[in-house]
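To start, the structure under review is shown below, and the notes come after it.
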Amino acid sequence: SAKQEGRQGYRFFTPEMQARATRNLLLLNALRHALTLEQLQVYYQPQVSMFDGRIIGAEALLRWRHPALGMVSPAEFIPVAEDSGLILPIGEWVLRSAVRQAKAWQAEGLGSLVMAVNLSAVQFRNRELPDLVTRVLEQEGLAPDYLELELTEGVAMLNPESAIDLIDNLHERGVRMAIDDFGTGYSSLSYLKKFKVYKLKIDQSFVRDIGTDAEDKAIVSAVISLARSLGLQTIAEGVETIEQQTFLNQQGCDEMQGYLFSQPLPAEQFAALLKRSLTIE
Ligand code: C2E
Ligand code: MG
Ligand code: MG
Ligand code: MG
């Protein structure tokens, strides 16, 4: 009967769910040692000015190379890190690595990039986050306005009142805040006004179909004019074609990030790209 089946909870797990659970457990056990075994690496993707094509920022993107599993996508392992709390030490390591790298590039005379670092929901909920951010900046000797923290719209809207407080707190410490994946998280406009953010990152799902989907086109230009009227900067994510770039430029988007310009790169390759872009000028 249905009642009997209900007691045997496993009957409700599909083979796919079972496979996912097994894979997640495997990832979790491997991820526990990833930091100490030096399997993690931060890649950097350029953020480019729409105005003159210059690299004005970098987004730090975490990479995990496991000897047996190969490259594991952050889309797969970040949720595992969040559920287990491992995201706190890993997130701190990413933050410190990225801040140290930004400082090193400044010291090498490679210009003054703004370094963007992703924050997960668990980091954002951690009360010690603002002090941690200030401590890392002081220890690494980077001025706070060269750090930008990305918070997804979904995370900000989970608890908008506490998001306002935390964004205020970080803003007062001089750090720039950006809303990541904008357009996917159902922000209410009244909250958007209260978030002291500097930049909206237009989600790549809207950018992808600019050429073919009239609605996505309309959404992208609406987001850009909304940002304008609120005095916010805009950056488009996932820009892959000249057509997308041209449309975004016409609409007044400030910056872009995507494979059209460059994939995320290891630090040395990013530095080489930076040097080239400095000598072209
Ligand atoms: P995100 O923050 O929205 O990052 C943008 C993602 O788009 C990155 O994927 C980037 O490699 C990819 N991307 C950039 N340009 C293009 C393009 O032109 N086309 C396409 N198709 N994709 C492009 P990635 O590196 O796999 O990261 C996925 C997500 O994992 C990130 O989305 C972010 O939410 C999360 N993540 C990555 N690193 C970290 C981290 O250090 N901490 C936390 N909390 N999350 C991270
Ligand atoms: Mg991001
Ligand atoms: Mg994004
Ligand atoms: Mg994303």
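Chain lettering (A, B, ...) mirrors the order of the structure tokens, residue numbering begins at 1 for each chain separately, and ligand numbering begins at 1 in order of display.
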Given 9 Å and only C-alpha atoms and all ligand atoms, residues near ligand 1 as a compact mmCIF listing (two decimals) with C-alpha atoms, in the first residue's frame:
# COMPACT_ATOMS: atom_id res chain seq x y z
CA VAL A 42 42.33 30.84 -8.23
CA TYR A 43 41.81 31.82 -11.87
CA TYR A 44 41.19 35.40 -12.95
CA GLN A 45 38.85 36.63 -15.65
CA GLU A 59 36.92 38.25 -11.10
CA ALA A 60 38.52 35.55 -8.96
CA LEU A 61 37.09 32.14 -9.91
CA LEU A 62 37.98 29.04 -7.96
CA ARG A 63 39.32 25.95 -9.69
CA SER A 73 33.39 22.56 -11.79
CA PRO A 74 32.68 25.12 -9.05
CA ALA A 75 29.02 24.84 -10.02
CA GLU A 76 29.28 21.28 -8.68
CA PHE A 77 31.63 21.59 -5.69
CA ILE A 78 30.65 25.00 -4.27
CA PRO A 79 27.23 23.67 -3.16
CA ALA A 81 31.38 23.16 0.24
CA GLU A 82 28.43 25.27 1.38
CA ILE A 87 33.15 27.06 2.25
CA ILE A 90 37.94 27.78 1.38
CA GLY A 91 36.25 31.17 0.94
CA TRP A 93 41.59 31.26 1.22
CA VAL A 94 40.12 32.57 -2.06
CA LEU A 95 39.66 36.03 -0.57
CA VAL A 117 35.50 37.92 -5.19
CA ASN A 118 32.34 35.79 -4.97
CA LEU A 119 30.63 35.40 -1.61
CA SER A 120 28.51 32.37 -0.87
CA ALA A 121 25.32 32.42 1.20
CA VAL A 122 27.09 30.77 4.12
CA GLN A 123 29.89 33.36 4.15
CA GLU A 150 29.87 39.75 -5.37
CA LEU A 151 26.66 38.61 -3.81
CA THR A 152 24.05 36.88 -5.95
CA ASP A 180 25.84 38.95 -9.22
CA ASP A 181 23.52 37.06 -11.61
CA LYS A 201 26.20 42.08 -13.02
CA ASP A 203 23.29 37.41 -15.73
CA GLN A 204 24.75 35.55 -18.67
CA SER A 205 21.44 33.77 -19.36
CA ARG A 208 23.44 34.59 -24.29
CA GLU A 237 28.56 38.46 -17.93
CA GLY A 238 29.15 35.77 -20.53
CA VAL A 239 29.79 38.04 -23.52
CA GLU A 240 30.90 35.73 -26.33
CA THR A 241 30.16 37.55 -29.59
CA GLN A 257 33.27 39.99 -19.04
CA GLY A 258 33.29 36.90 -21.19
CA TYR A 259 35.05 34.54 -23.57
CA LEU A 260 34.97 37.17 -26.34
CA PHE A 261 37.71 38.95 -24.45
CA SER A 262 39.20 36.12 -22.38
CA GLN A 263 38.45 32.96 -20.43
CA PRO A 264 39.38 32.88 -16.75
*Using DSSP on the backbone coordinates, identify all residues within range 105-222 of chain A classified as helix (DSSP H, G or I); present the result as an NGL selection string.*
:A and (105-107 or 121-125 or 129-140 or 144-146 or 153-158 or 160-172 or 189-194 or 204-208 or 214-222)
*as JSON, numbers by chain, please: all residues of range 55-267 of chain A that backbone DSSP puts in strand (DSSP E).*
{"A": [55, 56, 57, 58, 59, 60, 61, 62, 63, 64, 65, 66, 70, 71, 72, 114, 115, 116, 117, 118, 147, 148, 149, 150, 151, 152, 176, 177, 178, 179, 180, 181, 182, 199, 200, 201, 202, 233, 234, 235, 236, 255, 256, 265, 266]}
*Can you work out which one of A:Gly141, A:Met115, A:Gln269, A:Leu31 has the shortest atom-to-atom distance to ligand 2, counting only C-alpha atoms and all ligand atoms?*
A:Met115
*Neighbours of Ala156 in chain A within 12 Å (only C-alpha atoms; same-chain residues fewer than 6 positions away dropped), as a count of residues only?*
30
